[in-house]
>>> print(open('run.cif').read())   # mmCIF, C-alpha atoms and all ligand atoms
data_run
#
loop_
_atom_site.label_atom_id
_atom_site.label_comp_id
_atom_site.auth_asym_id
_atom_site.auth_seq_id
_atom_site.Cartn_x
_atom_site.Cartn_y
_atom_site.Cartn_z
CA MET A 28 11.91 6.24 11.26
CA ALA A 29 8.23 6.18 12.26
CA MET A 30 8.74 2.99 14.24
CA ARG A 31 11.78 4.34 16.07
CA LEU A 32 9.98 7.56 16.86
CA ALA A 33 7.02 5.62 18.23
CA ARG A 34 9.37 3.57 20.41
CA ALA A 35 11.03 6.73 21.67
CA TYR A 36 7.63 8.24 22.47
CA THR A 37 6.05 5.27 24.22
CA GLY A 38 9.19 3.69 25.67
CA LYS A 39 7.88 0.36 24.38
CA PRO A 40 9.98 -1.69 21.96
CA ALA A 41 7.51 -3.83 20.01
CA VAL A 42 5.47 -2.93 16.94
CA LEU A 43 2.27 -4.58 15.76
CA LYS A 44 1.89 -4.89 12.01
CA MET A 45 -0.70 -6.53 9.79
CA LYS A 46 -0.22 -9.72 7.87
CA GLY A 47 0.54 -9.04 4.22
CA HIS A 48 1.07 -5.32 4.73
CA PHE A 49 4.14 -3.93 3.00
CA HIS A 50 6.13 -1.12 4.54
CA GLY A 51 9.40 -1.44 2.65
CA TRP A 52 12.02 -4.12 3.07
CA HIS A 53 13.92 -2.97 6.15
CA ASP A 54 14.30 -5.43 9.02
CA TYR A 55 11.44 -4.24 11.23
CA ALA A 56 8.94 -4.23 8.34
CA ALA A 57 9.93 -7.60 6.93
CA ALA A 58 7.88 -9.92 9.13
CA GLY A 59 4.56 -10.94 7.60
CA ALA A 60 5.04 -8.97 4.40
CA PHE A 61 3.43 -10.60 1.33
CA ARG A 62 1.35 -12.80 3.68
CA SER A 63 4.33 -15.10 4.12
CA GLU A 64 4.72 -16.98 7.40
CA ALA A 65 8.43 -17.51 6.84
CA ALA A 66 10.91 -15.20 8.51
CA PRO A 67 12.79 -13.37 5.76
CA VAL A 68 16.40 -14.47 5.37
CA GLY A 69 18.95 -12.13 6.87
CA VAL A 70 16.65 -10.60 9.48
CA PRO A 71 17.92 -11.28 13.02
CA GLN A 72 15.69 -13.24 15.39
CA SER A 73 16.04 -10.41 17.93
CA VAL A 74 14.36 -8.03 15.46
CA LEU A 75 11.57 -10.49 14.68
CA GLU A 76 10.85 -10.84 18.40
CA SER A 77 9.92 -7.18 18.60
CA VAL A 78 7.53 -7.32 15.65
CA VAL A 79 4.12 -8.91 16.20
CA VAL A 80 2.05 -9.81 13.13
CA SER A 81 -1.74 -9.83 13.32
CA GLU A 82 -4.52 -10.56 10.86
CA PRO A 83 -6.11 -7.23 9.90
CA ALA A 84 -9.18 -7.89 12.04
CA ILE A 85 -9.92 -5.79 15.11
CA GLU A 86 -10.48 -8.82 17.42
CA ASP A 87 -7.02 -10.13 16.51
CA VAL A 88 -5.44 -6.71 17.00
CA LEU A 89 -7.01 -6.30 20.45
CA GLN A 90 -5.92 -9.81 21.42
CA ALA A 91 -2.35 -9.10 20.34
CA LEU A 92 -2.32 -5.84 22.32
CA ASP A 93 -3.56 -7.72 25.40
CA ASP A 94 -1.00 -10.49 24.93
CA ARG A 95 1.96 -8.19 24.39
CA PRO A 96 2.05 -5.17 26.70
CA ASP A 97 5.43 -4.29 25.20
CA ILE A 98 3.71 -3.16 21.97
CA GLY A 99 3.99 0.63 21.64
CA ALA A 100 2.89 1.16 18.05
CA VAL A 101 0.53 -0.26 15.44
CA ILE A 102 1.34 0.22 11.77
CA VAL A 103 -1.21 -0.27 8.99
CA GLU A 104 -1.19 0.15 5.22
CA ALA A 105 -3.94 2.70 4.73
CA ALA A 106 -5.77 1.01 1.84
CA GLY A 107 -5.16 -2.58 2.94
CA ALA A 108 -2.40 -5.04 2.12
CA LEU A 109 -0.27 -4.19 -0.88
CA THR A 110 -2.13 -1.00 -1.75
CA GLY A 111 -5.62 -2.40 -1.64
CA THR A 112 -4.89 -5.83 -3.08
CA LEU A 113 -6.63 -7.21 0.01
CA PRO A 114 -9.31 -5.17 1.77
CA LEU A 115 -9.39 -3.88 5.31
CA PRO A 116 -12.65 -4.71 7.11
CA ALA A 117 -15.11 -1.81 7.22
CA GLY A 118 -14.38 0.48 10.18
CA PHE A 119 -11.04 -1.21 10.88
CA LEU A 120 -8.90 1.94 10.81
CA LYS A 121 -11.19 3.84 13.20
CA ALA A 122 -11.31 0.85 15.54
CA VAL A 123 -7.51 0.62 15.60
CA GLU A 124 -7.31 4.35 16.19
CA ALA A 125 -9.64 4.03 19.19
CA ALA A 126 -7.66 1.09 20.59
CA CYS A 127 -4.42 3.07 20.28
CA ASP A 128 -5.96 6.15 21.90
CA GLU A 129 -7.30 4.12 24.81
CA ARG A 130 -3.96 2.46 25.47
CA GLY A 131 -1.65 5.41 24.78
CA LEU A 132 -0.14 3.69 21.73
CA VAL A 133 1.02 5.28 18.50
CA LEU A 134 -0.96 4.54 15.34
CA ILE A 135 1.29 4.80 12.28
CA LEU A 136 -0.65 5.04 9.05
CA ASP A 137 1.40 4.09 6.01
CA GLU A 138 0.23 6.42 3.25
CA VAL A 139 3.36 5.97 1.14
CA VAL A 140 1.17 5.16 -1.87
CA THR A 141 -2.22 6.52 -0.87
CA GLY A 142 -1.20 9.91 0.53
CA PHE A 143 -2.14 12.60 -2.02
CA ARG A 144 -3.27 9.85 -4.47
CA TRP A 145 -6.50 8.53 -2.87
CA ALA A 146 -7.37 12.17 -2.14
CA PRO A 147 -5.32 15.31 -1.49
CA GLY A 148 -5.49 14.32 2.18
CA GLY A 149 -4.98 10.60 1.55
CA VAL A 150 -7.03 7.81 3.08
CA GLN A 151 -7.26 9.77 6.32
CA GLU A 152 -9.23 12.49 4.53
CA LEU A 153 -11.65 9.88 3.20
CA THR A 154 -12.09 7.85 6.39
CA GLY A 155 -11.65 10.51 9.07
CA VAL A 156 -9.04 8.43 10.83
CA ARG A 157 -6.48 10.55 12.68
CA PRO A 158 -3.20 8.64 13.01
CA HIS A 159 -0.51 9.78 15.40
CA LEU A 160 2.10 9.40 12.68
CA THR A 161 1.74 9.25 8.90
CA ALA A 162 4.47 7.76 6.75
CA LEU A 163 4.45 9.64 3.47
CA ALA A 164 7.95 8.86 2.31
CA LYS A 165 8.49 9.04 -1.43
CA VAL A 166 4.93 10.02 -2.33
CA LEU A 167 5.83 13.53 -1.23
CA ALA A 168 8.81 14.21 -3.46
CA GLY A 169 7.31 14.03 -6.94
CA GLY A 170 9.37 11.00 -7.90
CA TYR A 171 12.64 12.32 -6.53
CA PRO A 172 14.51 10.79 -3.59
CA GLY A 173 12.87 12.32 -0.59
CA GLY A 174 10.32 11.57 2.02
CA ALA A 175 8.26 12.84 4.87
CA LEU A 176 6.85 11.76 8.16
CA SER A 177 4.08 13.82 9.67
CA GLY A 178 2.24 13.54 12.93
CA ARG A 179 0.87 14.85 16.15
CA ARG A 180 2.93 17.55 17.77
CA ASP A 181 3.71 15.70 21.00
CA VAL A 182 5.10 12.72 19.06
CA MET A 183 6.96 14.84 16.51
CA GLU A 184 8.57 16.92 19.25
CA ILE A 185 10.81 13.96 20.03
CA LEU A 186 12.51 14.98 16.77
CA ALA A 187 13.02 18.56 17.84
CA PHE A 188 16.48 19.94 17.35
CA PRO A 189 18.59 19.63 20.47
CA ASP A 190 18.60 22.83 22.46
CA GLY A 191 22.16 22.24 23.53
CA GLY A 192 21.20 21.63 27.12
CA GLY A 193 21.80 18.37 29.00
CA ASP A 194 22.30 15.05 27.27
CA TRP A 195 19.71 15.59 24.51
CA ARG A 196 20.39 12.16 23.02
CA LYS A 197 18.50 10.58 25.93
CA THR A 198 15.28 12.35 25.02
CA LYS A 199 15.50 13.47 21.40
CA MET A 200 15.81 11.40 18.26
CA GLY A 201 18.31 12.51 15.65
CA HIS A 202 17.69 11.75 11.98
CA PRO A 203 20.75 12.67 9.94
CA GLY A 204 20.78 11.67 6.26
CA THR A 205 22.50 12.51 3.01
CA PHE A 206 19.23 13.51 1.38
CA ASN A 207 17.87 15.51 4.30
CA ALA A 208 16.79 18.92 3.03
CA ASN A 209 17.97 18.04 -0.47
CA PRO A 210 17.01 21.14 -2.48
CA VAL A 211 16.14 19.33 -5.73
CA SER A 212 13.89 16.84 -3.97
CA ALA A 213 12.33 19.63 -1.93
CA ALA A 214 11.64 21.65 -5.09
CA ALA A 215 10.15 18.58 -6.79
CA GLY A 216 7.99 17.99 -3.72
CA VAL A 217 6.73 21.57 -3.65
CA ALA A 218 5.93 21.42 -7.38
CA CYS A 219 4.15 18.09 -6.99
CA LEU A 220 2.10 19.18 -3.98
CA THR A 221 1.08 22.39 -5.73
CA GLN A 222 -0.21 20.32 -8.65
CA VAL A 223 -2.19 17.81 -6.61
CA ALA A 224 -3.63 20.15 -3.96
CA ASP A 225 -7.09 20.58 -5.52
CA GLY A 226 -7.72 16.93 -6.39
CA ALA A 227 -8.19 17.48 -10.15
CA HIS A 228 -5.29 15.22 -11.16
CA GLN A 229 -6.54 12.51 -8.81
CA ALA A 230 -10.05 12.72 -10.30
CA THR A 231 -8.68 12.31 -13.83
CA ALA A 232 -6.48 9.37 -12.81
CA ASP A 233 -9.39 7.75 -10.95
CA ARG A 234 -11.63 8.03 -14.02
CA GLN A 235 -8.96 6.44 -16.19
CA ALA A 236 -8.50 3.60 -13.72
CA ALA A 237 -12.24 2.95 -13.50
CA ALA A 238 -12.41 2.86 -17.31
CA LEU A 239 -9.38 0.57 -17.46
CA ARG A 240 -10.82 -1.85 -14.89
CA SER A 241 -14.19 -1.95 -16.66
CA GLY A 242 -12.49 -2.31 -20.04
CA ILE A 243 -10.32 -5.22 -18.85
CA ASN A 244 -13.38 -6.95 -17.39
CA ALA A 245 -15.23 -6.51 -20.69
CA VAL A 246 -12.31 -8.07 -22.59
CA LEU A 247 -12.16 -11.00 -20.16
CA ARG A 248 -15.90 -11.59 -20.62
CA GLU A 249 -15.67 -11.33 -24.38
CA GLU A 250 -12.75 -13.74 -24.52
CA GLY A 251 -14.31 -16.13 -22.01
CA VAL A 252 -11.34 -15.98 -19.63
CA CYS A 253 -11.73 -16.32 -15.85
CA GLY A 254 -10.57 -13.30 -13.89
CA ALA A 255 -11.24 -9.71 -12.93
CA ALA A 256 -9.69 -6.31 -12.70
CA TYR A 257 -10.54 -4.56 -9.46
CA GLY A 258 -9.39 -1.72 -7.29
CA GLU A 259 -10.12 1.74 -6.02
CA SER A 260 -8.75 5.20 -6.63
CA SER A 261 -6.23 5.08 -9.49
CA ARG A 262 -5.09 1.54 -8.78
CA PHE A 263 -6.00 -1.74 -10.44
CA ARG A 264 -5.10 -5.31 -9.69
CA LEU A 265 -5.60 -8.08 -12.20
CA LEU A 266 -6.76 -11.58 -11.37
CA PHE A 267 -6.04 -13.50 -14.53
CA ASP A 268 -6.89 -17.14 -15.22
CA SER A 269 -8.40 -17.30 -11.75
CA PRO A 270 -10.41 -20.56 -11.46
CA GLY A 271 -14.18 -20.07 -11.34
CA LEU A 272 -14.03 -16.27 -11.28
CA GLN A 273 -16.50 -14.93 -13.84
CA PRO A 274 -15.45 -11.43 -14.97
CA PRO A 275 -17.67 -8.77 -13.36
CA THR A 276 -20.03 -6.74 -15.50
CA ALA A 277 -19.19 -3.53 -13.66
CA ASP A 278 -16.20 -1.88 -12.08
CA VAL A 279 -15.49 -3.61 -8.75
CA SER A 280 -13.31 -2.97 -5.72
CA GLN A 281 -11.50 -5.34 -3.37
CA HIS A 282 -14.60 -5.27 -1.15
CA ASP A 283 -16.73 -6.90 -3.86
CA LEU A 284 -14.76 -10.10 -4.45
CA PRO A 285 -14.26 -13.14 -2.20
CA LEU A 286 -11.18 -12.81 0.03
CA GLY A 287 -10.01 -16.33 -0.82
CA VAL A 288 -9.94 -15.49 -4.53
CA LEU A 289 -8.03 -12.27 -3.88
CA GLU A 290 -5.52 -14.10 -1.69
CA ALA A 291 -5.02 -16.89 -4.22
CA GLY A 292 -4.09 -14.41 -6.96
CA SER A 293 -3.30 -15.57 -10.48
CA PRO A 294 -1.32 -18.63 -11.59
CA GLY A 295 2.24 -17.32 -11.92
CA ARG A 296 2.78 -18.85 -15.36
CA SER A 297 -0.40 -17.38 -16.85
CA LEU A 298 0.45 -13.95 -15.50
CA HIS A 299 4.01 -14.24 -16.78
CA LEU A 300 2.84 -15.14 -20.29
CA LEU A 301 0.34 -12.30 -20.30
CA GLY A 302 3.01 -9.88 -19.09
CA LEU A 303 5.31 -10.90 -21.95
CA ALA A 304 2.53 -10.68 -24.54
CA LEU A 305 1.68 -7.19 -23.28
CA LEU A 306 5.31 -6.12 -23.26
CA ASN A 307 5.58 -7.16 -26.90
CA ARG A 308 2.82 -4.65 -27.56
CA GLY A 309 4.43 -1.85 -25.57
CA VAL A 310 2.38 -2.22 -22.39
CA PHE A 311 4.11 -2.93 -19.08
CA LEU A 312 2.12 -4.75 -16.42
CA PHE A 313 3.61 -3.91 -13.00
CA GLY A 314 3.47 -7.38 -11.43
CA ASP A 315 -0.24 -8.11 -11.34
CA GLY A 316 -1.58 -4.61 -11.57
CA GLY A 317 -0.65 -1.00 -11.73
CA PHE A 318 -1.70 2.61 -11.46
CA THR A 319 -3.06 5.26 -13.75
CA SER A 320 -2.06 8.89 -13.65
CA SER A 321 -3.54 12.11 -14.95
CA VAL A 322 -1.39 11.96 -18.11
CA HIS A 323 -3.17 8.82 -19.26
CA ASP A 324 -5.74 9.82 -21.84
CA ALA A 325 -8.32 8.22 -24.13
CA GLU A 326 -5.61 7.27 -26.59
CA SER A 327 -3.39 5.49 -24.05
CA LEU A 328 -6.43 3.76 -22.57
CA ALA A 329 -7.52 2.51 -25.99
CA HIS A 330 -3.99 1.31 -26.79
CA THR A 331 -3.79 -0.53 -23.45
CA LEU A 332 -7.15 -2.25 -23.91
CA GLU A 333 -6.47 -3.23 -27.53
CA SER A 334 -3.10 -4.62 -26.48
CA PHE A 335 -4.72 -6.44 -23.59
CA GLN A 336 -7.27 -8.09 -25.86
CA ALA A 337 -4.61 -9.16 -28.38
CA ALA A 338 -2.38 -10.46 -25.55
CA VAL A 339 -5.25 -12.42 -23.99
CA ARG A 340 -6.01 -14.04 -27.35
CA GLU A 341 -2.38 -14.98 -27.74
CA VAL A 342 -2.01 -16.66 -24.34
CA LYS A 343 -5.53 -18.13 -24.09
CA PRO A 344 -4.54 -21.59 -25.41
CA HIS A 345 -2.04 -21.87 -22.56
CA LEU A 346 -4.29 -20.96 -19.62
CA GLU A 347 -5.15 -23.29 -16.76
CA ALA A 348 -8.71 -22.28 -15.83
CA LYS A 349 -11.43 -22.68 -18.40
CA ALA A 350 -14.31 -20.24 -18.11
C1 LIG B 401 2.83 1.03 1.26
C2 LIG B 401 4.32 1.17 1.18
N1 LIG B 401 5.00 1.51 2.27
C3 LIG B 401 6.34 1.65 2.24
C4 LIG B 401 7.05 1.48 1.08
C5 LIG B 401 8.54 1.63 1.13
O1 LIG B 401 9.02 2.64 0.41
P1 LIG B 401 10.60 2.67 0.13
O2 LIG B 401 10.83 1.71 -0.98
O3 LIG B 401 10.85 4.07 -0.24
O4 LIG B 401 11.26 2.25 1.39
C6 LIG B 401 6.38 1.15 -0.09
C7 LIG B 401 7.11 0.98 -1.37
O5 LIG B 401 6.56 0.88 -2.43
C8 LIG B 401 4.98 0.96 -0.05
O6 LIG B 401 4.29 0.60 -1.14
#
>>> encode(input="run.cif", output="structure tokens", more="lines below")
Ligand SMILES: Cc1ncc(COP(=O)(O)O)c(C=O)c1O
Amino acid sequence: MAMRLARAYTGKPAVLKMKGHFHGWHDYAAAGAFRSEAAPVGVPQSVLESVVVSEPAIEDVLQALDDRPDIGAVIVEAAGALTGTLPLPAGFLKAVEAACDERGLVLILDEVVTGFRWAPGGVQELTGVRPHLTALAKVLAGGYPGGALSGRRDVMEILAFPDGGGDWRKTKMGHPGTFNANPVSAAAGVACLTQVADGAHQATADRQAAALRSGINAVLREEGVCGAAYGESSRFRLLFDSPGLQPPTADVSQHDLPLGVLEAGSPGRSLHLLGLALLNRGVFLFGDGGFTSSVHDAESLAHTLESFQAAVREVKPHLEAKA
């Protein structure tokens, strides 16, 4: 919806997205997701031609904008690829904002995960970046099916209800949908936003995540296993059995570890074995990481870390990298 609105506003068909950034699985977001070069199966070539993928580096973005004057919008995951798995360079968001402002392009900030979680005002509150459109989607509706797109008035006015005059379809964008104005989702959203408005839940979740990351790193050190838990806000990503990576002695973010190590990730088999060993102890690892929330407490943290240590001991004989 954000991409179509940006096209309607600028009159330009192409969208610039960042390599590895995930914006859902629809056709226009598919190119370059998961840092894959391959075009996803089932996506028409004509769609791929209107999506340009850039490294998340400002020189590359500016080059792409120079090369392709048909680009009308730039979309970025607010915390970096896959919710902070890979970092954005310092100052990147502000630099992209300036480039968009100069050229009359629409900056779409994807805050589907970070909005309300990183801070009540999302990454844009923390960085001061002012996108033209913000994709909030499901983060708004308290876990219910619902979503939201917010933005600058002149862009959002393309969505305005038709006034009945002329052929409004030429200038206004309709957005019908079964779940539009769904009362249950709206009520869940209002309840959720009321809860998270003052930042207290986020602060609790952040503390739990910092403790979890530090605790995982302590276990890895104690067990002599290569790897690290890192992240920011209430997110963690686990690098497990990662060759040559000595577990940090403090909590670290994606900015503190070498990009190559972050990109390489963990050997799939090691991660799979760890995931199973954790599951047997009642702990679910969401891929190679996860999130904390404000309902996690000292007891759940202790259970997770004890389970993690026992799981690491169980799979250690089968790991590839030796510390
Ligand atoms: C950053 C980001 N953007 C967009 C989406 C897409 O959301 P949906 O699955 O509701 O399309 C996701 C899904 O997790 C996401 O993490």
>>> closest_residue(input="run.cif", among="A:Met28, A:Val74, A:Ala277, A:Ala245", to="ligand LIG 401 (chain B)", atoms="all atoms listed in the file")
A:Met28
>>> closest_atom_pairs(input="run.cif", of="chain A", to="ligand LIG 401 (chain B)", cutoff="8 Å", atoms="all atoms listed in the file", output="Markdown table")
| residue | atom | partner | partner_atom | distance |
| --- | --- | --- | --- | --- |
| A:His48 | CA | B:LIG401 | C1 | 7.4 |
| A:Phe49 | CA | B:LIG401 | C1 | 5.4 |
| A:His50 | CA | B:LIG401 | C3 | 3.6 |
| A:Gly51 | CA | B:LIG401 | C5 | 3.5 |
| A:Trp52 | CA | B:LIG401 | O4 | 6.6 |
| A:His53 | CA | B:LIG401 | O4 | 7.5 |
| A:Glu104 | CA | B:LIG401 | C1 | 5.7 |
| A:Ala105 | CA | B:LIG401 | C1 | 7.8 |
| A:Leu109 | CA | B:LIG401 | C1 | 6.4 |
| A:Thr110 | CA | B:LIG401 | C1 | 6.1 |
| A:Asp137 | CA | B:LIG401 | N1 | 5.8 |
| A:Glu138 | CA | B:LIG401 | C1 | 6.3 |
| A:Val139 | CA | B:LIG401 | N1 | 4.9 |
| A:Val140 | CA | B:LIG401 | C1 | 5.4 |
| A:Thr141 | CA | B:LIG401 | C1 | 7.8 |
| A:Ala162 | CA | B:LIG401 | N1 | 7.7 |
| A:Ala164 | CA | B:LIG401 | O3 | 6.2 |
| A:Lys165 | CA | B:LIG401 | O3 | 5.6 |
| A:Gly174 | CA | B:LIG401 | O3 | 7.9 |
>>> closest_residue(input="run.cif", among="A:Gly99, A:Gly193, A:Pro285, A:Gly178", to="A:Val133", atoms="all atoms listed in the file")
A:Gly99
>>> atom_distance(input="run.cif", atom1="atom CA of A:Lys199", atom2="atom CA of A:Met30")
14.4 Å
>>> closest_residue(input="run.cif", among="A:Leu301, A:Leu247, A:Leu134, A:Leu239", to="A:Glu326", atoms="all atoms listed in the file")
A:Leu239
>>> residues_near_point(input="run.cif", point="(-9.9, 14.3, -6.7)", cutoff="10 Å", atoms="all atoms listed in the file", output="ChimeraX atom specification")
/A:143-148,223-234,260
>>> closest_residue(input="run.cif", among="A:Val79, A:Leu220, A:Leu32, A:Val70", to="A:Val166", atoms="only C-alpha atoms")
A:Leu220
>>> closest_residue(input="run.cif", among="A:Leu346, A:Ala218, A:Leu120, A:Ala58", to="A:Gln151", atoms="all atoms listed in the file")
A:Leu120
>>> atom_distance(input="run.cif", atom1="atom CA of A:Val101", atom2="atom CA of A:Leu43")
4.7 Å
>>> residues_around(input="run.cif", residues="stretch 168-171 of chain A", least_positions_apart="4", cutoff="8 Å", atoms="only C-alpha atoms", output="compact mmCIF listing (two decimals) with C-alpha atoms, in the coordinates of the input")
# COMPACT_ATOMS: atom_id res chain seq x y z
CA ALA A 164 7.95 8.86 2.31
CA VAL A 211 16.14 19.33 -5.73
CA SER A 212 13.89 16.84 -3.97
CA ALA A 213 12.33 19.63 -1.93
CA ALA A 215 10.15 18.58 -6.79
CA GLY A 216 7.99 17.99 -3.72
CA VAL A 217 6.73 21.57 -3.65
CA ALA A 218 5.93 21.42 -7.38
CA CYS A 219 4.15 18.09 -6.99
CA LEU A 220 2.10 19.18 -3.98
>>> atom_distance(input="run.cif", atom1="atom CA of A:Ala60", atom2="atom CA of A:Gly271")
27.2 Å
>>> closest_residue(input="run.cif", among="A:Pro274, A:Gly59, A:Gly251, A:Gly204", to="A:Pro344", atoms="all atoms listed in the file")
A:Gly251
